[in-house]
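**Q** Below are the structure tokens for one structure; questions will follow.
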Amino acid sequence: MNLPAAIRTTHGAPQIAALILVFAANWVVFPDFFALELRDGRLFGSLIDVLNRGAPVAILAIGMTLVIATRGIDLSVGAVMAISGATAATLTNAGYGLPAVLCGALASGLACGLWNGLLVAVLRIQPIVATLILMVAGRGVAQLITEGAIVTFDTPGLIAIGSGQVLGLPSPVVIMIGLLAISLVLVRATAFGLFLKAVGLNERSSAYAGVDVRTLTLTVYVWSGLCAAIAGVIAAADIRGADANNAGLWLELDAILAVVVGGTSLLGGRFSMTFSVVGAMIIQAMNTGILLSGFRPEFNLLVKAVVVLLVLLPQSPALARFFAASGPRKSP
Amino acid sequence: MQPSPTLKPDHAEPLLQMRGVSKGFAGVLALDSIDFTLYAGEVHALLGENGAGKSTLIKVLTGVHARDGGEMILEGMRLDPRDAAEAVRLGIGTVYQEVNLLPNLSLAENLYLGRQPRRFGLVDHGRMRADARALLADYELALDVAEPLSSFSVAVQQIVAIARAVDLSAKVLILDEPTASLDAHEVDVLFRTLRRLKERGLGIVFITHFLDQVYAIADRITVLRNGRVVGSRATATLPRLDLVSMMLGRELEEASHQRVRGRKEGEPLVAFQNYGKQRLIEPFDLAVRRGEVVGIAGLLGSGRTETAKLIFGIEAADSGNARCAGKPARIASPRHAIALGFGYCPEERKTEGIVAELSLRENIILALQAKRGWTRRLPRGERKAIAERFIKLLDIRTSDAEKPIEQLSGGNQQKALLARWLATEPSFLILDEPTRGIDVGAHAEIIRLVERLCESGMALLVISSEIEEIAAYSDRVIVLRDRRHVGELEGEDVNVGRIIRTIAKERAR
């Protein structure tokens with residue numbers, strides 16, 4: 001695939017433009033949208049709400065970006081959220097301390113990621129089918145953990161992960177930023193990013209050059225599982241309970257949408273975790289905006305589709321060629 | 001057998017004639033006024049090395065490409081197929097190496113797809129199966145025609161494809177490497193079918209890389225080279241040696257070798273014994289010493305690249321053993337090979353070598369970084385320094401190291417691949433067609449590089465279809481034919497004439 005240079009150099013521009021546009025629209029229907037207020041050492045405001053509500057999908061999108069960069073996909077993240085939420089709720093009710101609860105929940109995500117990674121990297125099953133298995137089975141596993149009931153809890157430490165605050169910001173937002181930072185370090189400060197790009201663009205050349213494609217693929221699915229587990233703990237802590245049927249339901253699709261809106265190529269190799277998070281925020285800002293505007297929520301999905309289309313159109317290679325051909329000058 | 005060796009056999013008018021057919025792509029002549037005559041009832045082998053124009057000729061004949069000039073005549077009528085479907089209607093059937101039928105459908109459905117017998121507007125399955133059984137009976141096949149195609153061997157699938165093509169009123173049958181994935185027994189089955197079709201008066205064009213098969217089945221041979229016809233001869237009057245010379249375009253004078261060769265002594269750095277893989281390459285012995293260049297020569301499809309892929313662990317051997325620096329070695333993946341100090345520049349530079357969208361610098365450091373592992377990233381300064389050093393050393397022409405490698409010329413991409421391996425300081429380097437598709441200047445530079453590397457003590461295995469090139473820089477030459485190592489030449493014997501003679505020598509039975 002050969003993208004014109006103009007698109008490469010303006011990477012991220014459509015996303016930033018869309019975010020500004022959606023914020024502006026929100027401001028029009030709700031003039032107090034940008035208002036922030038410091039109460040009891042904690043920030044309040046619609047903008048903070050967007051960040052807070054968008055955090056779980058953004059966290060899923062961070063892991064999903066790496067998976068998609070290898071030309072894969074992870075459909076199981078919603079179900080993994082349910083598993084990790086159920087694990088956390090069950091452990092905390094059994095009287096374990098917060099560190100043990102978190103370790104247990106993360107371990108469940110790690111195991112799920114390993115399972116996906118084994119199917120894709122070792123058994124070479126197509127990612128969409130391989131992760132579909134856990135997408136279906138995962139909710140069953142979660143129901144087994146909760147024994148079919150909605151497990152509620154009132155452990156303050158665990159609840160704080162969903163609704164607490166750190167330095168004035170909601171804890172989900174802080175966790176999201178921290179996870180993004182760690183992921184960026186993992187990818188950029190090591191050679192992982194180079195290998196990820198190389199494998200996504202040309203797996204065969206990379207393998208012949210000695211890149212360990214199998215371990216790399218396994219790692220991205222494990223990372224995606226971990227991200228999903230973190231999102232699952234946040235979602236459970238937020239509602240103070242684990243709902244095996246509904247926790248994270250359909251969020252895998254929102255996460256994929258966030259990644260695509262963020263400009264990561266489904267053809268592999270071209271990816272940006274930062275813009276996937278921006279993509280998640282665009283989607284969440286729209287949800288919030290439609291709620292604030294007083295439109296019926298039914299419009300939500302339609303408006304979402306239109307905005308997504310507007311973000312994706314400038315990235316279409318066919319359109320770019322059309323404009324390059326008819327424009328006054330070609331990109332250098 | 002025939003009195004006039006270059007012209008037609010005794011019988012009758014030509015079935016198909018091409019006169020002065022030309023075809024160019026972007027100003028390059030792929031076919032340069034081709035004359036080709038096919039008679040009814042003959043098997044006519046069409047031979048030539050890579051880029052000779054065989055596939056272009058077939059595509060012009062079957063209407064895939066429109067010709068630029070010349071004329072084609074089928075049974076006295078002008079032949080101007082506008083597309084493949086029209087060529088089929090006019091009587092030209094083609095069967096490709098990769099059977100292009102539908103493996104999930106039944107034999108009967110494959111035979112009659114698109115023209116199923118109907119009753120009351122619905123497919124009449126009973127009649128279709130009866131017709132299919134009758135049709136295949138002509139080919140001595142008694143099979144359950146309701147079974148899916150995929151449950152049969154490749155040979156049967158080939159015959160089904162032929163039966164379908166012939167049944168679509170074919171007068172001319174083109175077989176494009178039909179035997180490439182068949183074993184010896186399956187080839188016999190296919191050849192019996194071809195002989196029967198010959199008796200029925202079909203004209204058969206047979207494309208293959210296996211010379212033994214040409215002599216087993218073909219009545220006449222036409223050789224193409226660089227888009228031109230080198231000659232058409234009756235098989236019986238064309239010795240193998242002449243045929244190979246025609247294909248390679250070499251006269252058999254004893255060329256003096258350019259490189260001064262000292263006899264290399266000592267233990268081999270790498271040694272393979274009885275190393276092979278079924279259906280890929282027959283087991284072979286191969287050893288390369290430090291400072292030695294071993295060349296691999298053979299025609300297209302003789303197993304050159306297969307040998308390289310087996311040695312580099314891309315394909316896993318199922319027989320024999322490997323030793324490296326005197327110790328037994330297991331090479332089941334490229335990573336194993338690289339850990340032993342191997343490097344491999346593949347023939348398919350674009351799909352197996354470069355990562356097109358990555359920068360020149362990233363392409364150069366890829367193998368070294370992969371060898372170090374992802375946690376030990378090369379520091380930024382070192383990454384730049386390595387890229388700069390090799391850009392200078394190999395004279396890679398680029399405006400800067402950050403340019404995507406796809407924007408560089410073929411010769412510079414090849415040098416970048418060399419740089420990728422040199423950065424890992426390999427002890428054994430495999431170069432598969434290092435000079436393919438690059439311009440003359442870069443060509444000479446690559447050859448000088450090969451010699452310099454060898455002088456520095458590296459062991460090299462070089463594969464090339466350019467026999468002169470192989471003869472020029474090799475200390476020893478392994479000759480391949482029909483996926484088998486058939487000879488090893490050393491010292492004075494390393495010259496173009498000897499190599500060609502070894503390629504052409506008949507298989508001792």
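FYI, nothing fancy with the structure tokens labels: chains A, B, ... in order, residues from 1 per chain, ligands from 1 as they appear.
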Using only C-alpha atoms, which residues sit within 12 Å of Arg89 (chain B) once same-chain residues fewer than 2 positions away are excluded, as a tab-separated table (two decimals) with N, CA and C atoms, in the first residue's frame?

**A**
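After the write, selection.tsv holds the following:
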```
chain	number	residue	atom	x	y	z
B	62	THR	N	-4.08	-16.34	-25.27
B	62	THR	CA	-5.35	-16.61	-24.60
B	62	THR	C	-6.17	-15.34	-24.36
B	63	GLY	N	-5.75	-14.24	-24.99
B	63	GLY	CA	-6.57	-13.04	-24.94
B	63	GLY	C	-6.45	-12.24	-23.66
B	79	LEU	N	-7.27	-15.03	-35.56
B	79	LEU	CA	-7.60	-15.23	-34.15
B	79	LEU	C	-7.31	-13.93	-33.41
B	80	ASP	N	-8.38	-13.31	-32.92
B	80	ASP	CA	-8.21	-12.06	-32.17
B	80	ASP	C	-9.03	-12.10	-30.89
B	81	PRO	N	-8.68	-12.94	-29.95
B	81	PRO	CA	-9.51	-13.00	-28.74
B	81	PRO	C	-9.42	-11.70	-27.96
B	82	ARG	N	-10.57	-11.20	-27.52
B	82	ARG	CA	-10.55	-9.95	-26.74
B	82	ARG	C	-10.35	-10.23	-25.26
B	83	ASP	N	-10.74	-11.42	-24.82
B	83	ASP	CA	-10.50	-11.77	-23.43
B	83	ASP	C	-10.37	-13.29	-23.32
B	84	ALA	N	-10.09	-13.75	-22.11
B	84	ALA	CA	-9.82	-15.18	-21.91
B	84	ALA	C	-11.05	-16.01	-22.27
B	85	ALA	N	-12.25	-15.49	-21.95
B	85	ALA	CA	-13.46	-16.28	-22.22
B	85	ALA	C	-13.63	-16.49	-23.72
B	86	GLU	N	-13.31	-15.46	-24.51
B	86	GLU	CA	-13.47	-15.60	-25.96
B	86	GLU	C	-12.45	-16.60	-26.51
B	87	ALA	N	-11.23	-16.57	-25.97
B	87	ALA	CA	-10.22	-17.52	-26.41
B	87	ALA	C	-10.70	-18.95	-26.17
B	91	GLY	N	-11.57	-22.04	-28.95
B	91	GLY	CA	-10.94	-23.36	-28.97
B	91	GLY	C	-9.56	-23.42	-28.34
B	92	ILE	N	-9.23	-22.43	-27.50
B	92	ILE	CA	-7.91	-22.45	-26.85
B	92	ILE	C	-8.11	-22.66	-25.36
B	93	GLY	N	-7.75	-23.83	-24.88
B	93	GLY	CA	-7.93	-24.15	-23.47
B	93	GLY	C	-6.59	-24.07	-22.75
B	94	THR	N	-6.63	-23.60	-21.50
B	94	THR	CA	-5.38	-23.45	-20.75
B	94	THR	C	-5.53	-24.10	-19.38
B	165	ALA	N	-11.18	-28.37	-19.99
B	165	ALA	CA	-10.71	-27.49	-21.06
B	165	ALA	C	-10.96	-28.13	-22.43
B	166	VAL	N	-10.66	-29.42	-22.55
B	166	VAL	CA	-10.84	-30.10	-23.83
B	166	VAL	C	-12.32	-30.17	-24.19
B	167	ASP	N	-13.15	-30.43	-23.17
B	167	ASP	CA	-14.57	-30.55	-23.42
B	167	ASP	C	-15.18	-29.22	-23.85
B	168	LEU	N	-14.57	-28.13	-23.47
B	168	LEU	CA	-15.03	-26.81	-23.91
B	168	LEU	C	-14.54	-26.57	-25.33
B	169	SER	N	-14.57	-27.63	-26.13
B	169	SER	CA	-14.25	-27.57	-27.55
B	169	SER	C	-12.84	-27.09	-27.84
B	170	ALA	N	-11.88	-27.48	-26.97
B	170	ALA	CA	-10.53	-27.01	-27.21
B	170	ALA	C	-9.89	-27.71	-28.40
B	171	LYS	N	-9.24	-26.95	-29.22
B	171	LYS	CA	-8.42	-27.50	-30.30
B	171	LYS	C	-6.96	-27.38	-29.90
B	172	VAL	N	-6.68	-26.31	-29.18
B	172	VAL	CA	-5.32	-26.08	-28.68
B	172	VAL	C	-5.38	-26.16	-27.16
```

**Q** If we count only C-alpha atoms, what is near Leu431 (chain B) at a cut-off of 8 Å, once residues fewer than 3 positions away on the same chain are taken out, given as a PyMOL selection string?

**A** chain B and resi 344-347+434+460-463

**Q** Just list as a list in words whatever in region 7-161 of chain A DSSP marks as strand (DSSP E or B).

**A** Glu37, Leu38, Arg39, Arg42, Leu43, Phe44, Val151 and Thr152 of chain A

**Q** Write the selection just made, keeping C-alpha atoms, as a CSV table (one decimal), in the first residue's frame?

**A**
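And here is the file that came out, selection-v4.csv:
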```csv
chain,number,residue,atom,x,y,z
A,37,GLU,CA,-14.8,23.7,38.9
A,38,LEU,CA,-12.5,22.7,41.8
A,39,ARG,CA,-14.5,21.3,44.7
A,42,ARG,CA,-11.3,17.6,42.9
A,43,LEU,CA,-12.0,18.8,39.4
A,44,PHE,CA,-15.6,18.7,38.1
A,151,VAL,CA,-21.8,-9.8,42.9
A,152,THR,CA,-21.8,-6.4,44.7
```

**Q** Check every residue of chain A for an atom within 12 Å of chain B, counting only C-alpha atoms, and provide those that qualify as a CSV table (one decimal) with N, CA and C atoms, in the first residue's frame.

**A**
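Written output follows (part23.csv):
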```
chain,number,residue,atom,x,y,z
A,1,MET,N,0.8,-1.2,0.0
A,1,MET,CA,0.0,0.0,0.0
A,1,MET,C,0.9,1.2,0.0
A,2,ASN,N,0.5,2.2,-0.8
A,2,ASN,CA,1.4,3.3,-1.0
A,2,ASN,C,0.6,4.6,-0.7
A,3,LEU,N,0.7,5.1,0.5
A,3,LEU,CA,0.0,6.3,0.8
A,3,LEU,C,0.7,7.6,0.3
A,4,PRO,N,0.0,8.6,-0.2
A,4,PRO,CA,0.7,9.8,-0.5
A,4,PRO,C,1.4,10.4,0.7
A,5,ALA,N,2.4,11.2,0.4
A,5,ALA,CA,3.2,11.8,1.5
A,5,ALA,C,2.4,12.7,2.3
A,8,ARG,N,0.9,11.1,5.2
A,8,ARG,CA,1.8,10.7,6.2
A,8,ARG,C,2.2,11.9,7.1
A,185,VAL,N,6.3,3.7,26.4
A,185,VAL,CA,7.7,3.3,26.8
A,185,VAL,C,8.1,1.9,26.3
A,186,LEU,N,7.1,1.0,26.5
A,186,LEU,CA,7.3,-0.4,26.0
A,186,LEU,C,7.6,-0.4,24.5
A,187,VAL,N,6.9,0.4,23.8
A,187,VAL,CA,7.0,0.3,22.3
A,187,VAL,C,8.2,1.2,21.8
A,188,ARG,N,8.4,2.3,22.4
A,188,ARG,CA,9.4,3.3,21.9
A,188,ARG,C,10.8,3.1,22.4
A,189,ALA,N,10.9,2.8,23.7
A,189,ALA,CA,12.2,2.8,24.3
A,189,ALA,C,12.9,1.4,24.1
A,190,THR,N,12.1,0.5,23.6
A,190,THR,CA,12.7,-0.8,23.2
A,190,THR,C,12.6,-0.9,21.6
A,191,ALA,N,13.0,-2.0,21.1
A,191,ALA,CA,12.9,-2.2,19.7
A,191,ALA,C,11.6,-2.8,19.3
A,192,PHE,N,10.7,-2.9,20.3
A,192,PHE,CA,9.4,-3.5,20.0
A,192,PHE,C,8.6,-2.8,18.9
A,193,GLY,N,8.7,-1.5,18.9
A,193,GLY,CA,8.0,-0.7,17.9
A,193,GLY,C,8.4,-1.0,16.5
A,194,LEU,N,9.8,-1.1,16.4
A,194,LEU,CA,10.3,-1.4,15.1
A,194,LEU,C,9.9,-2.7,14.6
A,195,PHE,N,9.9,-3.7,15.5
A,195,PHE,CA,9.5,-5.1,15.1
A,195,PHE,C,8.0,-5.1,14.7
A,196,LEU,N,7.2,-4.4,15.5
A,196,LEU,CA,5.8,-4.3,15.3
A,196,LEU,C,5.5,-3.8,13.9
A,197,LYS,N,6.2,-2.7,13.6
A,197,LYS,CA,5.9,-2.0,12.3
A,197,LYS,C,6.4,-3.0,11.2
A,198,ALA,N,7.5,-3.6,11.4
A,198,ALA,CA,8.1,-4.5,10.3
A,198,ALA,C,7.2,-5.7,10.1
A,199,VAL,N,6.7,-6.3,11.2
A,199,VAL,CA,5.9,-7.5,11.1
A,199,VAL,C,4.5,-7.1,10.5
A,200,GLY,N,4.0,-6.0,10.9
A,200,GLY,CA,2.7,-5.6,10.4
A,200,GLY,C,2.8,-5.3,8.9
A,201,LEU,N,3.9,-4.7,8.4
A,201,LEU,CA,4.0,-4.4,7.0
A,201,LEU,C,4.4,-5.6,6.2
A,202,ASN,N,5.3,-6.4,6.6
A,202,ASN,CA,5.8,-7.5,5.8
A,202,ASN,C,6.3,-8.6,6.7
A,203,GLU,N,5.3,-9.5,7.1
A,203,GLU,CA,5.7,-10.5,8.1
A,203,GLU,C,6.8,-11.5,7.6
A,204,ARG,N,6.7,-11.8,6.3
A,204,ARG,CA,7.7,-12.7,5.8
A,204,ARG,C,9.1,-12.2,5.8
A,205,SER,N,9.3,-10.9,5.2
A,205,SER,CA,10.6,-10.3,5.3
A,205,SER,C,11.1,-10.2,6.7
A,206,SER,N,10.2,-9.9,7.6
A,206,SER,CA,10.7,-9.7,9.0
A,206,SER,C,11.1,-11.1,9.6
A,207,ALA,N,10.4,-12.1,9.3
A,207,ALA,CA,10.8,-13.4,9.8
A,207,ALA,C,12.1,-13.9,9.2
A,208,TYR,N,12.3,-13.6,7.9
A,208,TYR,CA,13.6,-14.0,7.3
A,208,TYR,C,14.7,-13.1,7.8
A,209,ALA,N,14.4,-11.9,8.4
A,209,ALA,CA,15.5,-11.1,8.9
A,209,ALA,C,15.7,-11.5,10.4
A,210,GLY,N,15.0,-12.5,10.9
A,210,GLY,CA,15.2,-13.0,12.2
A,210,GLY,C,14.3,-12.4,13.3
A,211,VAL,N,13.3,-11.6,12.9
A,211,VAL,CA,12.4,-11.1,14.0
A,211,VAL,C,11.6,-12.3,14.5
A,212,ASP,N,11.4,-12.4,15.8
A,212,ASP,CA,10.7,-13.4,16.4
A,212,ASP,C,9.2,-13.1,16.4
A,213,VAL,N,8.6,-13.5,15.2
A,213,VAL,CA,7.2,-13.1,15.0
A,213,VAL,C,6.3,-13.7,16.0
A,214,ARG,N,6.6,-14.9,16.4
A,214,ARG,CA,5.7,-15.6,17.3
A,214,ARG,C,5.6,-15.0,18.7
A,215,THR,N,6.7,-14.7,19.2
A,215,THR,CA,6.7,-14.0,20.6
A,215,THR,C,6.1,-12.7,20.5
A,216,LEU,N,6.4,-12.0,19.4
A,216,LEU,CA,5.8,-10.6,19.3
A,216,LEU,C,4.3,-10.7,19.2
A,219,THR,N,2.9,-11.5,22.6
A,219,THR,CA,3.0,-10.3,23.5
A,219,THR,C,1.8,-9.3,23.3
A,268,GLY,N,-2.2,-3.2,9.0
A,268,GLY,CA,-1.0,-3.4,9.8
A,268,GLY,C,0.1,-2.4,9.6
A,269,GLY,N,1.0,-2.3,10.6
A,269,GLY,CA,2.2,-1.5,10.4
A,269,GLY,C,2.1,-0.1,10.8
A,270,ARG,N,1.0,0.6,10.5
A,270,ARG,CA,0.9,2.0,10.8
A,270,ARG,C,0.0,2.1,12.0
```

**Q** When you look at Val189 (chain B) with a cut-off of 10 Å (counting only C-alpha atoms), what residues show up, excluding the ones that are within fewer than 5 positions of it in the same chain? I need them as a list in words.

**A**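 Counting only the stated atoms, we get Tyr139, Glu140, Ala155, Val156, Ile159, Ala184 and Leu194 of chain B.
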
**Q** Applying 12 Å and only C-alpha atoms, which residues near Val154 (chain B) remain after dropping the ones on its own chain fewer than 4 positions away? List them as a ChimeraX atom specification.

**A** /B:96-101,103,149-150,158-161,178-183,185-187,189-190

**Q** For the residues selected in the previous step, produce a file with C-alpha atoms as a PDB file, in the first residue's frame.

**A**
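File produced: part.pdb:
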```pdb
ATOM      1  CA  TYR B  96      -2.216 -23.741 -15.103  1.00  0.00           C
ATOM      2  CA  GLN B  97       0.133 -25.208 -12.529  1.00  0.00           C
ATOM      3  CA  GLU B  98      -2.132 -24.045  -9.753  1.00  0.00           C
ATOM      4  CA  VAL B  99      -5.308 -25.819 -10.786  1.00  0.00           C
ATOM      5  CA  ASN B 100      -7.843 -23.032 -11.105  1.00  0.00           C
ATOM      6  CA  LEU B 101     -10.894 -25.065 -10.298  1.00  0.00           C
ATOM      7  CA  PRO B 103     -11.786 -27.464  -4.590  1.00  0.00           C
ATOM      8  CA  LEU B 149     -12.405 -32.041  -6.044  1.00  0.00           C
ATOM      9  CA  SER B 150     -10.144 -31.460  -3.040  1.00  0.00           C
ATOM     10  CA  GLN B 158      -4.918 -31.613 -13.323  1.00  0.00           C
ATOM     11  CA  ILE B 159      -6.612 -34.204 -15.513  1.00  0.00           C
ATOM     12  CA  VAL B 160     -10.042 -32.898 -14.520  1.00  0.00           C
ATOM     13  CA  ALA B 161      -8.882 -29.409 -15.479  1.00  0.00           C
ATOM     14  CA  PRO B 178       1.383 -28.849 -15.110  1.00  0.00           C
ATOM     15  CA  THR B 179       3.939 -31.195 -13.556  1.00  0.00           C
ATOM     16  CA  ALA B 180       5.594 -28.843 -11.082  1.00  0.00           C
ATOM     17  CA  SER B 181       3.835 -30.349  -8.060  1.00  0.00           C
ATOM     18  CA  LEU B 182       3.466 -33.933  -9.277  1.00  0.00           C
ATOM     19  CA  ASP B 183       5.538 -36.953  -8.306  1.00  0.00           C
ATOM     20  CA  HIS B 185       3.991 -41.685 -10.925  1.00  0.00           C
ATOM     21  CA  GLU B 186       1.538 -38.816 -11.301  1.00  0.00           C
ATOM     22  CA  VAL B 187       3.578 -37.450 -14.184  1.00  0.00           C
ATOM     23  CA  VAL B 189      -0.563 -40.678 -15.517  1.00  0.00           C
ATOM     24  CA  LEU B 190      -0.650 -37.170 -16.924  1.00  0.00           C
TER      25      LEU B 190
END
```

**Q** Smallest atom-to-atom distance to Arg78 (chain B): which of B:Ala130, B:Leu16, B:Leu480, B:Val123, using only C-alpha atoms?

**A**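 Nearest candidate to Arg78 (chain B) out of B:Ala130, B:Leu16, B:Leu480, B:Val123: B:Leu16.
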
**Q** Please give the complete set of residues from region 92-271 of chain A that DSSP, run on the backbone, assigns to alpha helix (DSSP H), formatted as an NGL selection string.

**A** :A and (92-93 or 98-117 or 127-146 or 156-163 or 171-188 or 192-201 or 203-208 or 213-239 or 251-261)

**Q** How close does each residue of region 253-300 of chain A get to region 16-28 of chain A, giving the shortest atom pair and distance in Å to one decimal for every residue with an atom at most 9 Å away, counting only C-alpha atoms, sorted by chain and residue number, as CSV?

**A**
```
residue,atom,partner,partner_atom,distance
A:Phe275,CA,A:Ile16,CA,8.7
A:Val278,CA,A:Leu19,CA,7.6
A:Gly279,CA,A:Leu19,CA,8.1
A:Met281,CA,A:Leu19,CA,7.7
A:Ile282,CA,A:Leu19,CA,5.4
A:Ile283,CA,A:Leu19,CA,8.9
A:Ala285,CA,A:Val22,CA,6.7
A:Met286,CA,A:Val22,CA,6.4
A:Thr288,CA,A:Asn26,CA,8.1
A:Gly289,CA,A:Asn26,CA,5.0
A:Ile290,CA,A:Asn26,CA,8.0
A:Leu292,CA,A:Asn26,CA,7.7
A:Ser293,CA,A:Asn26,CA,7.7
```
